[in-house]
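Written below as structure tokens is the structure these notes are about.
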Amino acid sequence: MAIRKIVTQGDPLLNKKCRPVTDFNRRLHVLLDDMRDTLTEAQGAGLAAPQVGILRRAVVIDGGEDDILELVNPEILEQSGEQTGPEGCLSVPGKWGLVSRPNFVRVRAQDRYGEWFEVEGDELMARCFCHEIEHLDGHLYVEHIDHFLSDEELEAYLAGEEN
């Protein structure tokens with residue numbers, strides 16, 4: 001497949017609402033495969049279609065152990081709890097900010113063939129679901145932060161979490 005260019009903050013594509021996927025065809029499969037390869041190459045946690053310049057409701061998330069979760073037309077069904085932690089984005093390279101997100105999220109989505117399924121996650125996975133689905137509505141995590149963390153603030157926060 002192919003590695004696609006990741007669109008960065010400032011590009012108006014990132015502020016547009018994506019259209020639902022209606023055709024579960026070869027073009028969608030190529031997009032999802034390319035997004036998987038792009039995410040792996042960039043070593044990110046998740047990637048939404050608008051981040052590679054495509055205004056469709058499709059997301060890939062690193063599920064760990066070589067598992068990439070594909071979510072087409074995802075919607076959050078349930079969320080609970082709260083967590084606050086550092087968040088970054090492939091479209092805002094090298095920057096981090098503290099963001100509060102739900103600690104548990106249940107999502108309904110379609111797979112690459114159009115079949116509906118539900119998936120849930122907590123902690124980092126819940127954060128990824130929220131972050132990537134926000135991209136589909138034209139929003140970035142930077143809308144939730146007071147300021148970007150300096151390298152020292154990020155290191156101090158992560159050191160405090162380890163203790």
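To be explicit about the labels: the chains of the structure tokens are called A, B, and onward in the order shown, and within each one the residues are counted from 1, while ligands get numbers from 1 in the order they are shown.
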Could you make a table, as CSV, of the residues of segment 23-134 of chain A that have an atom within 7 Å of an atom of segment 144-163 of chain A, each with its nearest atom pair and distance in Å to one decimal, counting only C-alpha atoms, in chain and number order?
```
residue,atom,partner,partner_atom,distance
A:Lys95,CA,A:Phe148,CA,6.4
A:Trp96,CA,A:Leu149,CA,5.5
A:Gly97,CA,A:Phe148,CA,4.7
A:Leu98,CA,A:Ile145,CA,6.0
A:Val99,CA,A:His144,CA,6.0
```
Surrounding residues of Asp23 of chain A excluding itself and chain neighbours under 6 positions, 10 Å, only C-alpha atoms, as a short mmCIF file (atom, residue, chain, number, x, y, z; two decimals) with all heavy atoms, in the first residue's frame:
```cif
data_model
loop_
_atom_site.label_atom_id
_atom_site.label_comp_id
_atom_site.auth_asym_id
_atom_site.auth_seq_id
_atom_site.Cartn_x
_atom_site.Cartn_y
_atom_site.Cartn_z
N ARG A 112 -14.91 -2.53 7.23
CA ARG A 112 -14.64 -2.18 5.83
C ARG A 112 -15.64 -2.78 4.85
O ARG A 112 -15.71 -2.38 3.71
CB ARG A 112 -13.20 -2.55 5.44
CG ARG A 112 -12.90 -4.02 5.46
CD ARG A 112 -11.53 -4.38 4.90
NE ARG A 112 -10.45 -3.61 5.44
CZ ARG A 112 -9.38 -3.24 4.73
NH1 ARG A 112 -9.25 -3.61 3.47
NH2 ARG A 112 -8.43 -2.53 5.28
N TYR A 113 -16.44 -3.73 5.34
CA TYR A 113 -17.46 -4.35 4.48
C TYR A 113 -18.86 -3.83 4.76
O TYR A 113 -19.82 -4.29 4.15
CB TYR A 113 -17.41 -5.87 4.64
CG TYR A 113 -16.03 -6.41 4.38
CD1 TYR A 113 -15.21 -6.80 5.44
CD2 TYR A 113 -15.51 -6.49 3.09
CE1 TYR A 113 -13.93 -7.28 5.21
CE2 TYR A 113 -14.23 -6.96 2.85
CZ TYR A 113 -13.44 -7.35 3.92
OH TYR A 113 -12.17 -7.80 3.68
N GLY A 114 -19.00 -2.90 5.73
CA GLY A 114 -20.29 -2.31 6.04
C GLY A 114 -21.03 -2.97 7.18
O GLY A 114 -22.13 -2.57 7.52
#
```
Point to revise | Pick from A:Glu70, A:Glu87, A:Glu123, A:Asp11 nearest to Leu32 of chain A, counting only C-alpha atoms | key: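 With only C-alpha atoms as the atom set, the closest residue is A:Glu70.
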Exercise for review: Per DSSP on the backbone, filter chain A down to the residues in helix (DSSP H, G or I) and report them as a PyMOL selection string.
Suggested key: chain A and resi 12-15+26-42+49-52+124-136+141-144+151-162
Check your understanding: Of the candidates A:Glu132, A:Asp137, A:Asp67, A:Asp62, which shows the shortest atom-to-atom distance to Cys18 of chain A, using only C-alpha atoms?
Key -> A:Asp137
Practice item. Please run DSSP on the backbone and report, as JSON, numbers by chain, all residues within chain A that come out as strand (DSSP E or B). Key: {"A": [19, 46, 47, 48, 56, 58, 59, 60, 61, 62, 68, 69, 70, 71, 72, 73, 74, 75, 76, 77, 78, 79, 80, 83, 84, 85, 86, 87, 88, 89, 92, 93, 94, 95, 96, 97, 98, 99, 100, 101, 104, 105, 106, 107, 108, 109, 110, 116, 117, 118, 119, 120, 121, 122]}
**Study point:** Near-segment 71-77 of chain A list (10 Å; only C-alpha atoms; drop same-chain fewer than 2 positions) as an MDAnalysis selection string
**Key:** chainID A and resid 18:22 24 28 32 48:49 56:61 68:69 79 105:120 129:130 132:133 136
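A straight line drawn from atom CA of Met1 of chain A to atom CA of Gly64 of chain A is 20.6 Å long.
Of note, atom CA of Pro93 of chain A and atom CA of Val142 of chain A are spaced 11.8 Å apart.
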